[in-house]
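Asks: Below are the structure tokens for one structure; questions will follow.
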Number of protein chains: 2
Amino acid sequence: MNNDDKRLLRIAYDEAKSGFDEGGCPIGSVLARGSEVVSQGRNQRVQKGDPIAHGEMDALRKAGRQKTYSDTTLYTSLSPCMMCSGTIIQFGIPRVVIGENKNFGGNEEFLRSKGVEVIIVNDPECIALMSKFIDEKPELWAEDIAE
Amino acid sequence: MNNDDKRLLRIAYDEAKSGFDEGGCPIGSVLARGSEVVSQGRNQRVQKGDPIAHGEMDALRKAGRQKTYSDTTLYTSLSPCMMCSGTIIQFGIPRVVIGENKNFGGNEEFLRSKGVEVIIVNDPECIALMSKFIDEKPELWAEDIAE
């Protein structure tokens with residue numbers, strides 16, 4: 001993880017924090033090309049009633065049509081679910097920086113098996129925010145991961 | 001495949017045809033609970049500039065927040081890509097009816113390995129519509145499957 005990674009993951013965290021403050025699932029994401037933000041987003045389940053808008057998906061939607069993703073990195077405050085992991089593979093995103101996988105994870109090896117570089121930071125702020133959310137709204141969290 | 005399946009797949013085809021007429025990627029989808037349509041949608045890459053809105057994803061978005069997907073079937077005019085396959089698994093959709101996998105496919109066994117019942121119809125109308133699109137707009141199709 002380099003300094004750009006730290007800065008871009010912090011933007012993903014700030015998106016997650018905004019989602020928390022809105023009463024939503026606090027998971028944020030950034031799509032970057034090198035050091036530049038292409039788009040940033042956050043989980044919109046509560047805010048828009050949209051079950052497919054996980055943080056990563058919201059960022060990818062906001063990026064619009066891209067000619068290629070082969071030169072991009074996806075930052076996410078929380079380890080990607082199977083929807084988001086499948087999307088990373090489908091879109092050909094070669095590198096993913098994950099804020100934390102203590103509160104949710106399990107698809108990291110699947111991503112690696114498809115050639116994706118996966119960096120797991122386990123950032124204390126990302127862990128604390130997600131832990132707080134799961135403690136406060138366990139039913140919403142269960143809904144978001146379809147449990 | 002029963003009569004409900006035939007009727008519901010036809011709605012997915014009609015969505016695909018509407019997408020074709022709009023100049024988009026002609027792939028349509030229906031989420032059904034038993035014989036009832038929960039939602040229907042179609043690929044919105046061109047219409048909304050939205051790269052995550054494959055037909056299946058558009059239908060799932062339009063369905064809004066669901067308590068469970070365990071009693072649903074997802075119909076799609078074309079075999080699901082890895083994004084949509086990951087979503088089917090993440091959401092716990094137990095049954096998928098695929099209009100055709102002649103023009104695109106490859107994730108059927110992945111779905112089955114995760115316990116999803118996969119029915120491949122290879123409906124002539126679905127095949128013909130998709131073939132026509134790929135012939136007419138190969139660049140748009142390549143973009144939609146990130147090639």
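Starting from 1 in every chain, residues are counted up; chains themselves are A, B, ... following the order of the structure tokens, and ligands are numbered from 1 as listed.
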Please, which residues of chain A lie no more than 6 Å from chain B when the count uses only C-alpha atoms, and can they be set out as a list in words?
Replies: Gly49, Asp50, Pro51, Ile52, Arg61, Gly64, Arg65, Met82, Met83, Gly86, Thr87, Gln90, Phe91 and Ala146 of chain A
Asks: Write out as a list in words the residues lying within 8 Å of B:Gly34, counting only C-alpha atoms and excluding same-chain residues fewer than 3 positions away.
Replies: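 Near B:Gly34, the qualifying residues are Asp71, Thr72 and Thr73 of chain B.
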Asks: So which bits of chain A end up strand (DSSP E or B) when you DSSP the backbone, as a list in words?
Replies: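 Residues of chain A classed as strand (DSSP E or B): Gly28, Ser29, Val30, Leu31, Ala32, Arg33, Glu36, Val37, Val38, Ser39, Gln40, Gly41, Arg42, Thr72, Thr73, Leu74, Tyr75, Thr76, Arg95, Val96, Val97, Ile98, Glu117, Val118, Ile119 and Ile120 of chain A.
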Asks: Okay, now the selection with C-alpha atoms, as an mmCIF file, in the first residue's frame?
Replies:
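As a result, selection_27.cif now contains:
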```cif
data_model
loop_
_atom_site.group_PDB
_atom_site.id
_atom_site.type_symbol
_atom_site.label_atom_id
_atom_site.label_comp_id
_atom_site.auth_asym_id
_atom_site.auth_seq_id
_atom_site.Cartn_x
_atom_site.Cartn_y
_atom_site.Cartn_z
ATOM 1 C CA GLY A 28 -17.946 3.144 0.809
ATOM 2 C CA SER A 29 -15.906 2.702 -2.328
ATOM 3 C CA VAL A 30 -13.689 4.543 -4.781
ATOM 4 C CA LEU A 31 -12.746 3.650 -8.337
ATOM 5 C CA ALA A 32 -9.380 5.179 -9.166
ATOM 6 C CA ARG A 33 -7.152 5.336 -12.194
ATOM 7 C CA GLU A 36 -7.012 9.990 -9.629
ATOM 8 C CA VAL A 37 -10.525 9.345 -8.433
ATOM 9 C CA VAL A 38 -12.801 8.197 -11.264
ATOM 10 C CA SER A 39 -15.845 7.933 -9.027
ATOM 11 C CA GLN A 40 -16.837 7.373 -5.432
ATOM 12 C CA GLY A 41 -19.963 5.921 -3.903
ATOM 13 C CA ARG A 42 -21.586 4.229 -0.964
ATOM 14 C CA THR A 72 -7.935 0.943 -12.318
ATOM 15 C CA THR A 73 -7.970 0.053 -8.619
ATOM 16 C CA LEU A 74 -11.169 -0.405 -6.637
ATOM 17 C CA TYR A 75 -11.038 0.699 -2.994
ATOM 18 C CA THR A 76 -13.681 -0.526 -0.612
ATOM 19 C CA ARG A 95 -6.474 -4.560 -8.172
ATOM 20 C CA VAL A 96 -8.634 -4.214 -5.068
ATOM 21 C CA VAL A 97 -7.711 -2.502 -1.801
ATOM 22 C CA ILE A 98 -9.925 -3.673 1.067
ATOM 23 C CA GLU A 117 -4.373 -8.425 -6.738
ATOM 24 C CA VAL A 118 -6.016 -8.137 -3.319
ATOM 25 C CA ILE A 119 -4.621 -5.920 -0.574
ATOM 26 C CA ILE A 120 -6.220 -6.198 2.859
#
```
Asks: Taking 5 positions as the minimum chain separation for residues in the same chain, which residues sit within 9 Å of B:Tyr13 when counting only C-alpha atoms? Answer as a list of chain:residue names.
Replies: B:Leu8, B:Ser18, B:Pro26, B:Ile27, B:Gly28, B:Ser29, B:Thr76, B:Ser77, B:Gly99, B:Glu125, B:Cys126, B:Leu129
Asks: Suppose we keep N, CA, C and O atoms; can you now write the selection as an mmCIF file, in the first residue's frame?
Replies:
```
data_model
loop_
_atom_site.group_PDB
_atom_site.id
_atom_site.type_symbol
_atom_site.label_atom_id
_atom_site.label_comp_id
_atom_site.auth_asym_id
_atom_site.auth_seq_id
_atom_site.Cartn_x
_atom_site.Cartn_y
_atom_site.Cartn_z
ATOM 1 N N LEU B 8 -43.125 -16.331 -18.337
ATOM 2 C CA LEU B 8 -42.238 -15.363 -17.690
ATOM 3 C C LEU B 8 -40.977 -15.122 -18.518
ATOM 4 O O LEU B 8 -40.471 -13.994 -18.596
ATOM 5 N N SER B 18 -37.522 -4.613 -26.324
ATOM 6 C CA SER B 18 -37.658 -3.165 -26.080
ATOM 7 C C SER B 18 -36.284 -2.506 -26.008
ATOM 8 O O SER B 18 -36.079 -1.401 -26.527
ATOM 9 N N PRO B 26 -29.763 -5.801 -25.983
ATOM 10 C CA PRO B 26 -31.083 -6.425 -25.863
ATOM 11 C C PRO B 26 -31.085 -7.641 -24.937
ATOM 12 O O PRO B 26 -31.145 -8.788 -25.387
ATOM 13 N N ILE B 27 -31.037 -7.359 -23.651
ATOM 14 C CA ILE B 27 -31.054 -8.434 -22.663
ATOM 15 C C ILE B 27 -32.072 -8.048 -21.590
ATOM 16 O O ILE B 27 -31.966 -6.974 -20.992
ATOM 17 N N GLY B 28 -33.045 -8.915 -21.400
ATOM 18 C CA GLY B 28 -34.121 -8.622 -20.463
ATOM 19 C C GLY B 28 -34.212 -9.672 -19.379
ATOM 20 O O GLY B 28 -33.689 -10.781 -19.506
ATOM 21 N N SER B 29 -34.896 -9.302 -18.295
ATOM 22 C CA SER B 29 -34.947 -10.184 -17.134
ATOM 23 C C SER B 29 -36.227 -9.966 -16.336
ATOM 24 O O SER B 29 -36.801 -8.867 -16.350
ATOM 25 N N THR B 76 -33.832 -14.765 -17.444
ATOM 26 C CA THR B 76 -32.994 -13.848 -18.216
ATOM 27 C C THR B 76 -32.907 -14.339 -19.652
ATOM 28 O O THR B 76 -32.793 -15.550 -19.894
ATOM 29 N N SER B 77 -32.983 -13.398 -20.575
ATOM 30 C CA SER B 77 -32.973 -13.804 -21.986
ATOM 31 C C SER B 77 -31.617 -14.370 -22.401
ATOM 32 O O SER B 77 -31.543 -15.153 -23.345
ATOM 33 N N GLY B 99 -32.727 -17.885 -21.171
ATOM 34 C CA GLY B 99 -33.278 -17.955 -22.525
ATOM 35 C C GLY B 99 -32.355 -18.639 -23.502
ATOM 36 O O GLY B 99 -32.779 -19.487 -24.288
ATOM 37 N N GLU B 125 -36.106 -17.373 -30.472
ATOM 38 C CA GLU B 125 -36.264 -15.912 -30.562
ATOM 39 C C GLU B 125 -35.177 -15.185 -29.763
ATOM 40 O O GLU B 125 -34.649 -14.161 -30.204
ATOM 41 N N CYS B 126 -34.862 -15.709 -28.595
ATOM 42 C CA CYS B 126 -33.777 -15.104 -27.795
ATOM 43 C C CYS B 126 -32.455 -15.181 -28.550
ATOM 44 O O CYS B 126 -31.694 -14.203 -28.593
ATOM 45 N N LEU B 129 -32.470 -12.677 -31.637
ATOM 46 C CA LEU B 129 -32.382 -11.253 -31.271
ATOM 47 C C LEU B 129 -30.952 -10.888 -30.875
ATOM 48 O O LEU B 129 -30.400 -9.874 -31.316
#
```
Asks: What's the separation between atom CA of B:His54 and atom CA of B:Asn122, in Å to one decimal place?
Replies: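 Between atom CA of B:His54 and atom CA of B:Asn122 the gap is 19.3 Å.
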Asks: By how many Å are atom CA of B:Asp14 and atom CA of B:Gly105 apart?
Replies: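 Rounded to one decimal, the two atoms are 20.4 Å apart.
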Asks: Stretch 12-146 of chain A: which residues are helix (DSSP H, G or I) by DSSP, as a PyMOL selection string?
Replies: chain A and resi 12-21+45-48+55-63+82-91+108-113+124-136+138-144
Asks: Those same residues, written as a tab-separated table (two decimals), in the first residue's frame with C-alpha atoms?
Replies:
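Written out: selection06.tsv:
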```
chain	number	residue	atom	x	y	z
A	12	ALA	CA	-13.88	5.27	0.69
A	13	TYR	CA	-14.03	5.43	4.49
A	14	ASP	CA	-15.47	8.96	4.36
A	15	GLU	CA	-18.19	7.66	2.01
A	16	ALA	CA	-18.91	4.86	4.48
A	17	LYS	CA	-19.12	7.38	7.31
A	18	SER	CA	-21.57	9.51	5.30
A	19	GLY	CA	-23.67	6.39	4.77
A	20	PHE	CA	-23.64	5.72	8.50
A	21	ASP	CA	-24.75	9.29	9.22
A	45	ARG	CA	-29.91	0.15	0.25
A	46	VAL	CA	-31.63	2.43	2.73
A	47	GLN	CA	-31.19	5.76	0.99
A	48	LYS	CA	-32.53	4.62	-2.41
A	55	GLY	CA	-20.68	0.61	-2.12
A	56	GLU	CA	-18.59	-0.86	-4.91
A	57	MET	CA	-21.56	-1.05	-7.29
A	58	ASP	CA	-22.56	2.54	-6.55
A	59	ALA	CA	-19.04	3.73	-7.38
A	60	LEU	CA	-18.98	1.69	-10.59
A	61	ARG	CA	-22.40	3.01	-11.62
A	62	LYS	CA	-21.27	6.58	-11.04
A	63	ALA	CA	-18.15	5.98	-13.13
A	82	MET	CA	-20.00	-12.28	-4.07
A	83	MET	CA	-21.99	-9.77	-6.15
A	84	CYS	CA	-19.21	-7.23	-5.98
A	85	SER	CA	-16.50	-9.88	-6.41
A	86	GLY	CA	-18.22	-11.18	-9.55
A	87	THR	CA	-18.42	-7.62	-10.83
A	88	ILE	CA	-14.72	-7.00	-10.20
A	89	ILE	CA	-13.93	-10.11	-12.26
A	90	GLN	CA	-16.47	-9.34	-14.98
A	91	PHE	CA	-15.22	-5.78	-15.40
A	108	GLU	CA	-10.58	-12.77	-1.22
A	109	GLU	CA	-9.21	-16.11	-2.42
A	110	PHE	CA	-11.86	-16.32	-5.16
A	111	LEU	CA	-10.68	-12.94	-6.43
A	112	ARG	CA	-7.03	-13.99	-6.26
A	113	SER	CA	-7.82	-17.23	-8.11
A	124	PRO	CA	-8.88	0.38	12.54
A	125	GLU	CA	-11.36	3.11	11.59
A	126	CYS	CA	-13.00	0.89	8.94
A	127	ILE	CA	-13.28	-1.97	11.44
A	128	ALA	CA	-14.70	0.26	14.19
A	129	LEU	CA	-17.33	1.89	11.97
A	130	MET	CA	-18.61	-1.42	10.63
A	131	SER	CA	-18.60	-3.01	14.09
A	132	LYS	CA	-20.65	-0.13	15.45
A	133	PHE	CA	-23.17	-0.48	12.62
A	134	ILE	CA	-23.54	-4.25	13.07
A	135	ASP	CA	-24.06	-3.77	16.81
A	136	GLU	CA	-26.66	-1.03	16.31
A	138	PRO	CA	-28.11	-6.19	13.06
A	139	GLU	CA	-31.33	-6.67	11.04
A	140	LEU	CA	-30.31	-4.17	8.39
A	141	TRP	CA	-26.91	-5.78	8.12
A	142	ALA	CA	-28.47	-9.24	7.81
A	143	GLU	CA	-30.70	-7.94	5.00
A	144	ASP	CA	-27.75	-6.43	3.17
```
